[in-house]
>>> print(open('input-v9.txt').read())   # compact mmCIF, C-alpha atoms (C1' of nucleotides)
# COMPACT_ATOMS: atom_id res chain seq x y z
CA MET A 1 -30.93 -4.47 26.58
CA SER A 2 -28.43 -3.33 29.13
CA ASP A 3 -28.56 0.38 28.69
CA GLN A 4 -25.18 0.83 30.22
CA ARG A 5 -23.45 -1.55 27.90
CA SER A 6 -24.92 -0.02 24.78
CA GLN A 7 -23.87 3.39 26.00
CA GLU A 8 -20.42 1.99 26.52
CA ARG A 9 -20.24 0.84 22.95
CA ALA A 10 -21.65 4.08 21.63
CA GLY A 11 -18.86 5.92 23.37
CA GLY A 12 -16.28 3.69 21.77
CA GLU A 13 -17.71 4.15 18.33
CA ARG A 14 -17.91 7.87 18.76
CA CYS A 15 -14.24 8.05 19.69
CA LEU A 16 -13.25 5.80 16.85
CA ARG A 17 -15.20 7.90 14.41
CA ALA A 18 -13.56 11.07 15.64
CA TRP A 19 -10.17 9.44 15.48
CA THR A 20 -10.44 8.18 11.92
CA ARG A 21 -11.83 11.55 10.85
CA LEU A 22 -8.84 13.25 12.39
CA LEU A 23 -6.47 10.96 10.50
CA ARG A 24 -8.27 11.53 7.24
CA ALA A 25 -8.67 15.25 7.77
CA TYR A 26 -4.95 15.57 8.29
CA ALA A 27 -4.13 13.52 5.23
CA ALA A 28 -6.61 15.29 2.99
CA THR A 29 -5.87 18.84 4.07
CA THR A 30 -2.10 18.59 4.18
CA ARG A 31 -2.12 17.14 0.71
CA LEU A 32 -4.16 20.04 -0.55
CA LEU A 33 -2.22 22.76 1.20
CA SER A 34 1.29 21.45 0.80
CA ALA A 35 0.90 21.09 -2.94
CA GLY A 36 0.63 24.82 -3.59
CA LEU A 37 3.30 25.71 -1.09
CA GLN A 38 5.71 23.24 -2.61
CA ALA A 39 4.96 24.13 -6.21
CA GLU A 40 5.09 27.89 -5.81
CA HIS A 41 7.78 28.35 -3.22
CA GLY A 42 9.53 25.05 -2.71
CA LEU A 43 8.51 24.91 0.92
CA SER A 44 7.15 21.95 2.84
CA LEU A 45 4.46 22.60 5.41
CA ASN A 46 6.90 22.25 8.26
CA ALA A 47 9.38 24.52 6.53
CA TYR A 48 6.69 27.16 6.26
CA GLU A 49 5.66 26.68 9.86
CA ALA A 50 9.27 26.95 10.96
CA LEU A 51 9.76 30.23 9.13
CA TRP A 52 6.55 31.50 10.62
CA VAL A 53 7.40 30.48 14.17
CA LEU A 54 10.81 32.09 13.84
CA SER A 55 9.28 35.26 12.48
CA GLN A 56 7.13 35.54 15.60
CA ALA A 57 10.08 35.03 17.93
CA GLU A 58 12.10 37.84 19.42
CA GLN A 59 14.83 38.91 17.02
CA GLY A 60 13.61 36.25 14.63
CA ARG A 61 15.54 33.53 16.36
CA MET A 62 15.02 30.57 18.67
CA ARG A 63 16.93 27.77 20.24
CA ARG A 64 16.57 24.73 18.09
CA VAL A 65 15.11 22.77 20.95
CA ASP A 66 12.32 25.28 21.39
CA LEU A 67 11.64 25.23 17.70
CA ALA A 68 11.33 21.47 17.93
CA ARG A 69 8.78 21.72 20.73
CA SER A 70 6.87 24.33 18.84
CA LEU A 71 6.64 22.24 15.68
CA LEU A 72 6.23 18.93 17.51
CA LEU A 73 9.35 17.57 15.89
CA THR A 74 12.23 15.71 17.45
CA PRO A 75 15.54 17.52 17.81
CA SER A 76 16.88 15.48 14.96
CA GLY A 77 13.90 16.38 12.85
CA VAL A 78 14.71 20.04 13.40
CA THR A 79 18.32 19.51 12.45
CA ARG A 80 17.23 17.97 9.18
CA LEU A 81 14.60 20.56 8.48
CA LEU A 82 16.97 23.45 9.16
CA GLU A 83 19.66 21.82 7.04
CA GLY A 84 17.49 22.52 4.06
CA LEU A 85 16.49 26.00 5.12
CA GLU A 86 20.10 26.91 5.86
CA ALA A 87 21.23 25.58 2.51
CA ALA A 88 18.57 27.75 0.91
CA GLY A 89 19.79 30.76 2.87
CA LEU A 90 16.50 31.27 4.67
CA VAL A 91 17.80 30.53 8.14
CA ARG A 92 21.27 30.77 9.63
CA LYS A 93 22.92 29.48 12.75
CA ALA A 94 23.86 31.83 15.54
CA ALA A 95 25.87 31.09 18.64
CA CYS A 96 24.68 31.67 22.17
CA PRO A 97 27.43 33.30 24.22
CA SER A 98 25.99 32.34 27.58
CA ASP A 99 25.45 28.68 26.81
CA LEU A 100 27.80 27.04 24.40
CA ARG A 101 25.49 24.09 23.91
CA VAL A 102 22.82 26.04 22.16
CA THR A 103 22.73 27.12 18.59
CA TYR A 104 20.07 29.56 17.57
CA ALA A 105 18.12 29.23 14.39
CA GLU A 106 17.85 32.73 13.04
CA LEU A 107 15.69 33.97 10.21
CA THR A 108 17.67 35.72 7.48
CA GLU A 109 16.36 38.60 5.41
CA ALA A 110 15.84 36.15 2.59
CA GLY A 111 13.88 33.95 4.95
CA ARG A 112 11.64 36.78 5.98
CA ALA A 113 11.09 37.70 2.37
CA LYS A 114 10.30 34.11 1.46
CA LEU A 115 7.80 33.85 4.27
CA GLU A 116 6.12 37.04 3.18
CA ALA A 117 6.03 35.92 -0.41
CA ALA A 118 4.53 32.57 0.48
CA SER A 119 2.12 33.79 3.13
CA CYS A 120 -0.42 35.50 0.95
CA ALA A 121 -1.28 32.54 -1.22
CA HIS A 122 -0.95 30.09 1.64
CA LEU A 123 -3.25 31.98 3.95
CA ARG A 124 -5.75 32.34 1.17
CA ALA A 125 -5.63 28.59 0.61
CA VAL A 126 -6.10 27.88 4.30
CA ARG A 127 -9.07 30.22 4.48
CA ALA A 128 -10.62 28.75 1.40
CA LEU A 129 -10.22 25.26 2.75
CA PHE A 130 -12.00 26.02 5.99
CA GLU A 131 -14.46 28.74 5.07
CA GLU A 132 -15.82 27.01 2.02
CA HIS A 133 -16.89 24.06 4.12
CA LEU A 134 -17.38 25.26 7.66
CA SER A 135 -19.13 28.15 9.35
CA ALA A 136 -17.20 30.63 11.43
CA GLU A 137 -18.58 29.07 14.55
CA GLU A 138 -17.62 25.59 13.49
CA ILE A 139 -14.08 26.75 12.76
CA GLU A 140 -13.85 28.44 16.10
CA ARG A 141 -15.17 25.42 17.92
CA LEU A 142 -12.90 23.08 16.02
CA ALA A 143 -9.85 25.02 17.12
CA GLU A 144 -11.06 25.09 20.70
CA THR A 145 -11.80 21.41 20.77
CA LEU A 146 -8.49 20.35 19.26
CA ASP A 147 -6.77 22.63 21.73
CA LYS A 148 -7.98 20.46 24.56
CA LEU A 149 -6.23 17.37 23.29
CA PRO A 150 -2.99 16.62 25.10
CA GLY A 151 0.08 18.27 23.64
CA VAL A 152 -1.80 20.54 21.28
CA ALA A 153 -2.23 23.72 23.25
CA GLY A 154 0.30 26.50 23.40
CA GLY A 155 3.91 25.96 22.58
CA GLU A 156 4.44 23.47 25.32
CA GLY A 157 4.60 20.39 23.17
CA ARG A 158 6.61 17.65 24.70
CA CYS A 159 9.56 16.25 22.87
CA PRO A 160 8.76 12.66 22.04
CA GLN A 161 12.34 11.42 22.08
CA SER A 162 13.20 12.34 25.64
CA GLY A 163 9.82 11.24 26.96
CA MET B 164 -15.20 49.96 6.42
CA SER B 165 -12.63 49.34 9.10
CA ASP B 166 -15.25 47.14 10.64
CA GLN B 167 -15.37 45.01 7.58
CA ARG B 168 -11.62 44.88 7.35
CA SER B 169 -11.20 43.82 10.95
CA GLN B 170 -13.78 41.12 10.43
CA GLU B 171 -11.79 40.00 7.45
CA ARG B 172 -8.69 39.67 9.52
CA ALA B 173 -10.51 37.90 12.32
CA GLY B 174 -11.66 35.28 9.84
CA GLY B 175 -8.12 34.74 8.66
CA GLU B 176 -6.80 34.31 12.15
CA ARG B 177 -9.58 31.94 13.06
CA CYS B 178 -8.75 29.73 10.10
CA LEU B 179 -5.07 29.86 10.82
CA ARG B 180 -5.67 28.90 14.42
CA ALA B 181 -7.83 25.96 13.41
CA TRP B 182 -5.25 24.88 10.85
CA THR B 183 -2.28 24.91 13.19
CA ARG B 184 -4.32 23.10 15.82
CA LEU B 185 -5.16 20.43 13.31
CA LEU B 186 -1.49 19.96 12.44
CA ARG B 187 -0.51 19.77 16.07
CA ALA B 188 -3.41 17.56 17.04
CA TYR B 189 -2.40 15.08 14.37
CA ALA B 190 1.24 15.13 15.40
CA ALA B 191 0.49 14.81 19.10
CA THR B 192 -2.16 12.14 18.91
CA THR B 193 -0.51 9.92 16.32
CA ARG B 194 2.65 9.90 18.36
CA LEU B 195 0.75 8.83 21.42
CA LEU B 196 -1.32 6.18 19.73
CA SER B 197 1.23 4.74 17.36
CA ALA B 198 3.72 4.17 20.13
CA GLY B 199 1.63 1.52 21.85
CA LEU B 200 0.55 -0.12 18.65
CA GLN B 201 4.11 -0.37 17.43
CA ALA B 202 5.55 -1.56 20.71
CA GLU B 203 2.94 -4.18 21.48
CA HIS B 204 2.07 -5.47 18.05
CA GLY B 205 4.60 -4.13 15.58
CA LEU B 206 1.91 -2.33 13.63
CA SER B 207 2.00 1.19 12.27
CA LEU B 208 -1.18 3.21 12.39
CA ASN B 209 -1.79 2.73 8.70
CA ALA B 210 -1.10 -0.97 8.98
CA TYR B 211 -3.72 -1.20 11.70
CA GLU B 212 -6.18 0.85 9.68
CA ALA B 213 -5.56 -1.33 6.66
CA LEU B 214 -6.28 -4.50 8.61
CA TRP B 215 -9.39 -2.91 10.01
CA VAL B 216 -10.67 -1.70 6.66
CA LEU B 217 -10.08 -5.12 5.15
CA SER B 218 -11.87 -6.79 8.05
CA GLN B 219 -14.95 -4.69 7.31
CA ALA B 220 -14.91 -5.53 3.62
CA GLU B 221 -16.85 -8.38 2.11
CA GLN B 222 -14.86 -11.59 2.34
CA GLY B 223 -12.11 -9.61 4.02
CA ARG B 224 -10.69 -8.43 0.76
CA MET B 225 -10.50 -5.36 -1.41
CA ARG B 226 -8.92 -4.13 -4.58
CA ARG B 227 -5.73 -2.38 -3.74
CA VAL B 228 -6.94 0.78 -5.38
CA ASP B 229 -9.97 0.93 -3.14
CA LEU B 230 -7.83 0.33 -0.13
CA ALA B 231 -5.70 3.25 -1.22
CA ARG B 232 -8.72 5.53 -1.46
CA SER B 233 -9.96 4.36 1.87
CA LEU B 234 -6.68 5.07 3.62
CA LEU B 235 -5.92 8.19 1.63
CA LEU B 236 -2.71 6.67 0.36
CA THR B 237 -1.34 6.62 -3.16
CA PRO B 238 -1.34 3.31 -5.00
CA SER B 239 2.37 3.08 -4.48
CA GLY B 240 1.90 3.70 -0.80
CA VAL B 241 -0.46 0.76 -0.64
CA THR B 242 1.97 -1.46 -2.46
CA ARG B 243 4.65 -0.67 0.08
CA LEU B 244 2.35 -0.97 3.05
CA LEU B 245 1.04 -4.34 1.90
CA GLU B 246 4.58 -5.54 1.19
CA GLY B 247 5.13 -5.49 4.89
CA LEU B 248 1.80 -7.00 5.83
CA GLU B 249 2.24 -9.76 3.26
CA ALA B 250 5.72 -10.52 4.50
CA ALA B 251 4.25 -10.81 7.98
CA GLY B 252 1.55 -13.15 6.71
CA LEU B 253 -1.29 -10.86 7.72
CA VAL B 254 -2.52 -10.18 4.21
CA ARG B 255 -2.21 -12.15 0.98
CA LYS B 256 -2.71 -11.39 -2.66
CA ALA B 257 -5.63 -12.86 -4.52
CA ALA B 258 -6.29 -12.71 -8.22
CA CYS B 259 -9.44 -11.30 -9.77
CA PRO B 260 -10.67 -13.59 -12.52
CA SER B 261 -12.81 -10.99 -14.24
CA ASP B 262 -10.17 -8.31 -14.46
CA LEU B 263 -6.57 -9.36 -14.71
CA ARG B 264 -5.34 -5.93 -13.76
CA VAL B 265 -6.59 -6.09 -10.25
CA THR B 266 -5.03 -7.86 -7.33
CA TYR B 267 -7.03 -8.21 -4.19
CA ALA B 268 -5.57 -7.63 -0.79
CA GLU B 269 -7.06 -10.33 1.37
CA LEU B 270 -6.94 -10.64 5.12
CA THR B 271 -5.48 -13.93 6.31
CA GLU B 272 -6.52 -15.74 9.46
CA ALA B 273 -3.33 -14.50 11.06
CA GLY B 274 -4.26 -11.01 9.99
CA ARG B 275 -7.68 -11.27 11.56
CA ALA B 276 -6.15 -12.62 14.73
CA LYS B 277 -3.59 -9.83 14.82
CA LEU B 278 -6.29 -7.24 14.37
CA GLU B 279 -8.32 -8.71 17.16
CA ALA B 280 -5.32 -8.90 19.42
CA ALA B 281 -4.36 -5.30 18.77
CA SER B 282 -7.86 -3.85 18.81
CA CYS B 283 -8.58 -4.07 22.47
CA ALA B 284 -5.65 -2.06 23.70
CA HIS B 285 -5.79 0.30 20.76
CA LEU B 286 -9.45 1.11 21.15
CA ARG B 287 -8.91 1.66 24.83
CA ALA B 288 -6.10 4.07 24.06
CA VAL B 289 -8.22 5.95 21.54
CA ARG B 290 -11.07 6.25 24.01
CA ALA B 291 -8.78 7.39 26.75
CA LEU B 292 -7.25 10.01 24.52
CA PHE B 293 -10.56 11.56 23.60
CA GLU B 294 -12.73 10.94 26.61
CA GLU B 295 -10.24 12.15 29.13
CA HIS B 296 -10.13 15.53 27.48
CA LEU B 297 -13.40 16.03 25.64
CA SER B 298 -17.07 15.61 26.42
CA ALA B 299 -19.20 13.20 24.43
CA GLU B 300 -20.79 16.09 22.64
CA GLU B 301 -17.46 17.64 21.76
CA ILE B 302 -16.26 14.35 20.34
CA GLU B 303 -19.41 13.96 18.33
CA ARG B 304 -19.20 17.48 16.99
CA LEU B 305 -15.52 17.13 16.22
CA ALA B 306 -16.19 14.12 14.03
CA GLU B 307 -19.06 15.86 12.28
CA THR B 308 -17.04 18.99 11.64
CA LEU B 309 -14.02 17.18 10.27
CA ASP B 310 -16.34 15.19 8.08
CA LYS B 311 -17.30 18.32 6.23
CA LEU B 312 -13.77 19.02 5.11
CA PRO B 313 -13.08 17.99 1.52
CA GLY B 314 -11.88 14.45 1.04
CA VAL B 315 -12.59 13.34 4.58
CA ALA B 316 -15.99 11.75 4.17
CA GLY B 317 -15.21 10.71 0.62
CA GLY B 318 -13.40 7.41 1.10
CA GLU B 319 -16.80 5.97 1.81
CA GLY B 320 -18.92 6.57 4.83
CA ARG B 321 -17.46 4.03 7.09
CA CYS B 322 -19.24 3.94 10.35
CA PRO B 323 -17.09 1.62 12.36
CA GLN B 324 -18.95 -1.03 14.16
CA SER B 325 -16.79 -2.28 16.87
CA GLY B 326 -14.98 -5.33 15.64
C1' DT C 327 35.84 20.02 43.73
C1' DA C 328 34.95 15.77 41.48
C1' DT C 329 31.37 13.12 39.96
C1' DT C 330 26.97 12.42 38.12
C1' DA C 331 22.86 13.79 35.78
C1' DT C 332 20.71 16.71 32.58
C1' DT C 333 20.33 19.36 28.44
C1' DA C 334 21.41 20.84 23.44
C1' DG C 335 22.48 19.29 19.31
C1' DT C 336 24.25 16.10 15.41
C1' DT C 337 24.77 11.80 12.83
C1' DG C 338 23.81 7.05 10.84
C1' DA C 339 20.44 3.86 9.77
C1' DG C 340 15.96 2.89 8.59
C1' DG C 341 10.76 3.45 7.94
C1' DC C 342 7.00 5.50 5.45
C1' DT C 343 5.24 7.96 1.70
C1' DA C 344 5.01 10.53 -2.69
C1' DC C 345 6.09 11.26 -7.54
C1' DA C 346 7.41 9.85 -12.09
C1' DA C 347 7.72 6.37 -15.22
C1' DG C 348 6.46 2.09 -16.98
C1' DA C 349 3.98 -2.55 -17.77
C1' DA C 350 -0.22 -5.03 -18.24
C1' DT C 351 -4.99 -5.02 -19.03
C1' DT C 352 -9.52 -3.18 -19.94
C1' DT C 353 -12.64 0.32 -22.04
C1' DT C 354 -13.76 3.78 -25.30
C1' DT C 355 -13.90 5.61 -29.70
C1' DA C 356 -13.44 6.40 -34.48
C1' DT D 357 -11.84 -3.80 -35.17
C1' DA D 358 -7.73 -1.13 -34.61
C1' DA D 359 -5.99 2.78 -32.22
C1' DA D 360 -6.33 5.77 -28.30
C1' DA D 361 -7.43 6.47 -23.56
C1' DA D 362 -8.07 5.02 -19.07
C1' DT D 363 -7.29 1.95 -15.14
C1' DT D 364 -4.59 -1.05 -11.94
C1' DC D 365 -0.48 -1.97 -10.03
C1' DT D 366 4.72 -2.01 -9.37
C1' DT D 367 9.40 -0.06 -9.24
C1' DG D 368 13.24 3.47 -8.85
C1' DT D 369 14.24 7.49 -6.63
C1' DA D 370 14.01 10.83 -3.30
C1' DG D 371 12.13 13.59 0.73
C1' DC D 372 10.95 13.87 5.48
C1' DC D 373 10.92 12.08 9.86
C1' DT D 374 12.14 9.01 13.86
C1' DC D 375 15.06 6.30 16.92
C1' DA D 376 19.46 5.06 18.91
C1' DA D 377 23.84 6.42 19.81
C1' DC D 378 27.01 9.89 20.37
C1' DT D 379 29.61 14.52 21.57
C1' DA D 380 29.76 18.62 24.11
C1' DA D 381 28.45 21.70 27.61
C1' DT D 382 26.02 22.94 31.86
C1' DA D 383 23.69 21.97 36.35
C1' DA D 384 23.27 19.35 40.48
C1' DT D 385 25.13 16.71 44.09
C1' DA D 386 28.11 14.44 47.33
>>> encode(input="input-v9.txt", output="structure tokens")
Amino acid sequence: MSDQRSQERAGGERCLRAWTRLLRAYAATTRLLSAGLQAEHGLSLNAYEALWVLSQAEQGRMRRVDLARSLLLTPSGVTRLLEGLEAAGLVRKAACPSDLRVTYAELTEAGRAKLEAASCAHLRAVRALFEEHLSAEEIERLAETLDKLPGVAGGEGRCPQSG
Amino acid sequence: MSDQRSQERAGGERCLRAWTRLLRAYAATTRLLSAGLQAEHGLSLNAYEALWVLSQAEQGRMRRVDLARSLLLTPSGVTRLLEGLEAAGLVRKAACPSDLRVTYAELTEAGRAKLEAASCAHLRAVRALFEEHLSAEEIERLAETLDKLPGVAGGEGRCPQSG
DNA sequence: TATTATTAGTTGAGGCTACAAGAATTTTTA
DNA sequence: TAAAAATTCTTGTAGCCTCAACTAATAATA
């Protein structure tokens, strides 16, 4: 009967529902979208995202640490990811003359070409996924809502290892 | 003409924005929430979810295949996940007399206790994560929207009732 | 300036998950 | 009812990622 208590519980259930949906939405959508990317271009989702982030950066290059923050990976995760991309010739290392600690990750021409080749089909798949099930307003609102969760907005993701 | 084309592009960008937010939201929130669960109870997120799903099932047990669908894991993923939970004594195997192919995953008393012990702090963390950043309506709408994405609602409409 | 703290990045070990292949057991079909 | 197909589950292998520990370089401080 206590109105307050039942409201309490409703809040908990609402959060739990949103949370499990988020987990499932991630699992379901990444499975769908990574399949095509992997089959057609041999790229994982994070590999694609890395190429894309680099392509948006000045001179197509970034410090590896910034790339990590941008992708929400640990520094070691970036090292491993770039290992593959470097082996494939899509990204190369570049030194930073003013700070010998940093190594840039720099998009190669092949990397840019690969990104362009993969983008068309990938973007189409992303659009299909969202637009076939959600209205424009729902999509917009979804992005806005997720943006408010901690660590999601902008490029200012915090590195989990040094936290 | 150009109006239509620019609307086209706006739709693409909207989808892309929602998609990258979803990726980042997953990465950011799972990191936050799994940390506590792992540190305090030695459970991964999927291990917790598995215990929870089992606890909601009749007699605290399910066919492994159904558990896989519910968690959006492959059958092999479930085998490996349950390996750990069985070794920890939280789940046990049980035979199905009517179909010798199936093995049930069955929650043990220790498993139920572990779930109960972990739930309180975990639920609090989930609530904090959402309610500190989103309004009740936003949370509600977020869950509803994600539910419309393919494969999210499918596992079976589990409306969690607080354990 | 010498020392200490911070930052950038890599490496080894290990966890989690998928995929492919295979074994055991129904179920379907001809 | 025998053969084919489908279902349930496990195992080997491999990819991707994290954490802990480490090196190297820079910044801050006494």
>>> calpha_fit_and_write(input="input-v9.txt", fixed="chain B", moving="chain A", output="CSV table (one decimal) with C-alpha atoms, keeping the file's coordinate frame")
chain,number,residue,atom,x,y,z
A,1,MET,CA,-13.2,50.9,12.4
A,2,SER,CA,-14.7,49.1,9.4
A,3,ASP,CA,-16.7,46.4,11.1
A,4,GLN,CA,-16.7,44.3,8.0
A,5,ARG,CA,-13.0,44.3,7.6
A,6,SER,CA,-12.3,43.3,11.2
A,7,GLN,CA,-14.9,40.5,10.9
A,8,GLU,CA,-13.0,39.4,7.8
A,9,ARG,CA,-9.8,39.2,9.7
A,10,ALA,CA,-11.4,37.4,12.6
A,11,GLY,CA,-12.6,34.8,10.2
A,12,GLY,CA,-9.2,34.3,8.9
A,13,GLU,CA,-7.6,33.9,12.3
A,14,ARG,CA,-10.3,31.5,13.4
A,15,CYS,CA,-9.6,29.3,10.4
A,16,LEU,CA,-5.9,29.5,10.9
A,17,ARG,CA,-6.3,28.6,14.6
A,18,ALA,CA,-8.4,25.6,13.8
A,19,TRP,CA,-6.0,24.5,11.1
A,20,THR,CA,-2.9,24.6,13.2
A,21,ARG,CA,-4.7,22.9,16.0
A,22,LEU,CA,-5.7,20.1,13.6
A,23,LEU,CA,-2.0,19.7,12.5
A,24,ARG,CA,-0.8,19.6,16.1
A,25,ALA,CA,-3.6,17.4,17.3
A,26,TYR,CA,-2.8,14.8,14.6
A,27,ALA,CA,0.9,15.0,15.5
A,28,ALA,CA,0.4,14.7,19.2
A,29,THR,CA,-2.2,12.0,19.2
A,30,THR,CA,-0.7,9.8,16.6
A,31,ARG,CA,2.6,9.9,18.4
A,32,LEU,CA,0.9,8.8,21.6
A,33,LEU,CA,-1.2,6.1,20.1
A,34,SER,CA,1.2,4.6,17.6
A,35,ALA,CA,3.9,4.1,20.3
A,36,GLY,CA,1.9,1.5,22.2
A,37,LEU,CA,0.7,-0.2,19.1
A,38,GLN,CA,4.2,-0.4,17.7
A,39,ALA,CA,5.9,-1.5,20.9
A,40,GLU,CA,3.3,-4.2,21.8
A,41,HIS,CA,2.3,-5.6,18.5
A,42,GLY,CA,4.7,-4.2,15.9
A,43,LEU,CA,1.8,-2.5,14.0
A,44,SER,CA,1.8,1.0,12.6
A,45,LEU,CA,-1.4,3.0,12.9
A,46,ASN,CA,-2.2,2.4,9.2
A,47,ALA,CA,-1.5,-1.3,9.5
A,48,TYR,CA,-3.9,-1.5,12.4
A,49,GLU,CA,-6.5,0.5,10.5
A,50,ALA,CA,-6.0,-1.8,7.5
A,51,LEU,CA,-6.6,-4.9,9.5
A,52,TRP,CA,-9.6,-3.3,11.0
A,53,VAL,CA,-11.1,-2.2,7.7
A,54,LEU,CA,-10.6,-5.7,6.3
A,55,SER,CA,-12.2,-7.3,9.3
A,56,GLN,CA,-15.3,-5.3,8.7
A,57,ALA,CA,-15.5,-6.2,5.0
A,58,GLU,CA,-17.4,-9.1,3.7
A,59,GLN,CA,-15.4,-12.3,3.9
A,60,GLY,CA,-12.6,-10.3,5.4
A,61,ARG,CA,-11.4,-9.1,2.0
A,62,MET,CA,-11.3,-6.1,-0.2
A,63,ARG,CA,-10.0,-4.9,-3.5
A,64,ARG,CA,-6.8,-3.1,-2.9
A,65,VAL,CA,-8.1,0.0,-4.5
A,66,ASP,CA,-11.0,0.2,-2.1
A,67,LEU,CA,-8.7,-0.3,0.8
A,68,ALA,CA,-6.7,2.6,-0.5
A,69,ARG,CA,-9.8,4.9,-0.6
A,70,SER,CA,-10.8,3.7,2.8
A,71,LEU,CA,-7.4,4.5,4.4
A,72,LEU,CA,-6.8,7.6,2.3
A,73,LEU,CA,-3.7,6.1,0.9
A,74,THR,CA,-2.5,6.0,-2.7
A,75,PRO,CA,-2.6,2.7,-4.5
A,76,SER,CA,1.2,2.5,-4.2
A,77,GLY,CA,0.9,3.2,-0.5
A,78,VAL,CA,-1.4,0.2,-0.1
A,79,THR,CA,1.0,-2.0,-2.0
A,80,ARG,CA,3.8,-1.0,0.4
A,81,LEU,CA,1.7,-1.4,3.5
A,82,LEU,CA,0.3,-4.8,2.4
A,83,GLU,CA,3.8,-5.9,1.6
A,84,GLY,CA,4.6,-5.8,5.2
A,85,LEU,CA,1.4,-7.4,6.4
A,86,GLU,CA,1.7,-10.2,3.8
A,87,ALA,CA,5.3,-10.8,4.9
A,88,ALA,CA,4.0,-11.1,8.4
A,89,GLY,CA,1.3,-13.5,7.4
A,90,LEU,CA,-1.5,-11.2,8.5
A,91,VAL,CA,-3.0,-10.6,5.0
A,92,ARG,CA,-2.8,-12.7,1.8
A,93,LYS,CA,-3.5,-12.0,-1.8
A,94,ALA,CA,-6.5,-13.5,-3.5
A,95,ALA,CA,-7.4,-13.5,-7.1
A,96,CYS,CA,-10.7,-12.2,-8.5
A,97,PRO,CA,-12.0,-14.6,-11.1
A,98,SER,CA,-14.3,-12.1,-12.8
A,99,ASP,CA,-11.7,-9.3,-13.2
A,100,LEU,CA,-8.2,-10.3,-13.7
A,101,ARG,CA,-6.9,-6.9,-12.8
A,102,VAL,CA,-7.9,-7.0,-9.2
A,103,THR,CA,-6.2,-8.6,-6.4
A,104,TYR,CA,-8.0,-8.9,-3.1
A,105,ALA,CA,-6.4,-8.3,0.2
A,106,GLU,CA,-7.7,-10.9,2.5
A,107,LEU,CA,-7.3,-11.2,6.2
A,108,THR,CA,-5.7,-14.4,7.4
A,109,GLU,CA,-6.6,-16.2,10.6
A,110,ALA,CA,-3.3,-14.8,12.0
A,111,GLY,CA,-4.4,-11.4,10.9
A,112,ARG,CA,-7.7,-11.6,12.7
A,113,ALA,CA,-6.0,-12.9,15.8
A,114,LYS,CA,-3.5,-10.1,15.7
A,115,LEU,CA,-6.2,-7.5,15.3
A,116,GLU,CA,-8.1,-9.0,18.3
A,117,ALA,CA,-4.9,-9.1,20.3
A,118,ALA,CA,-4.1,-5.5,19.6
A,119,SER,CA,-7.6,-4.1,19.8
A,120,CYS,CA,-8.1,-4.2,23.5
A,121,ALA,CA,-5.2,-2.1,24.5
A,122,HIS,CA,-5.5,0.1,21.5
A,123,LEU,CA,-9.1,0.9,22.1
A,124,ARG,CA,-8.4,1.5,25.7
A,125,ALA,CA,-5.7,4.0,24.7
A,126,VAL,CA,-8.0,5.8,22.3
A,127,ARG,CA,-10.7,6.1,24.9
A,128,ALA,CA,-8.3,7.3,27.5
A,129,LEU,CA,-6.9,9.9,25.2
A,130,PHE,CA,-10.3,11.4,24.4
A,131,GLU,CA,-12.3,10.8,27.6
A,132,GLU,CA,-9.6,12.1,29.9
A,133,HIS,CA,-9.7,15.5,28.2
A,134,LEU,CA,-13.1,15.9,26.5
A,135,SER,CA,-16.7,15.4,27.5
A,136,ALA,CA,-18.9,12.9,25.7
A,137,GLU,CA,-20.6,15.8,24.0
A,138,GLU,CA,-17.4,17.3,22.9
A,139,ILE,CA,-16.2,14.0,21.4
A,140,GLU,CA,-19.5,13.5,19.6
A,141,ARG,CA,-19.4,17.0,18.2
A,142,LEU,CA,-15.8,16.7,17.2
A,143,ALA,CA,-16.5,13.7,15.1
A,144,GLU,CA,-19.5,15.3,13.5
A,145,THR,CA,-17.6,18.5,12.7
A,146,LEU,CA,-14.6,16.7,11.2
A,147,ASP,CA,-17.0,14.6,9.2
A,148,LYS,CA,-18.1,17.7,7.3
A,149,LEU,CA,-14.7,18.4,6.0
A,150,PRO,CA,-14.2,17.3,2.4
A,151,GLY,CA,-13.0,13.7,1.9
A,152,VAL,CA,-13.5,12.7,5.5
A,153,ALA,CA,-17.0,11.3,5.6
A,154,GLY,CA,-17.8,7.7,4.8
A,155,GLY,CA,-15.5,5.5,2.8
A,156,GLU,CA,-15.7,7.6,-0.3
A,157,GLY,CA,-12.3,9.2,0.0
A,158,ARG,CA,-10.9,10.2,-3.3
A,159,CYS,CA,-7.6,8.8,-4.4
A,160,PRO,CA,-5.1,11.7,-4.6
A,161,GLN,CA,-3.0,10.2,-7.4
A,162,SER,CA,-5.7,10.0,-10.0
A,163,GLY,CA,-7.2,13.3,-9.1
>>> residues_near_point(input="input-v9.txt", point="(15.4, 30.0, 18.0)", cutoff="6 Å", atoms="only C-alpha atoms (C1' of nucleotides)", output="list in words")
Arg61, Met62, Arg63, Arg64, Tyr104 and Ala105 of chain A
>>> interface_residues(input="input-v9.txt", of="chain D", to="chain B", cutoff="10 Å", atoms="all atoms listed in the file", output="PDB file with C-alpha atoms (C1' of nucleotides), keeping the file's coordinate frame")
ATOM      1  C1'  DT D 363      -7.290   1.950 -15.140  1.00  0.00           C
ATOM      2  C1'  DT D 364      -4.590  -1.050 -11.940  1.00  0.00           C
ATOM      3  C1'  DC D 365      -0.480  -1.970 -10.030  1.00  0.00           C
ATOM      4  C1'  DT D 366       4.720  -2.010  -9.370  1.00  0.00           C
ATOM      5  C1'  DT D 367       9.400  -0.060  -9.240  1.00  0.00           C
TER       6       DT D 367
END
>>> atom_distance(input="input-v9.txt", atom1="atom CA of Ala27 of chain A", atom2="atom CA of Glu40 of chain A")
20.3 Å
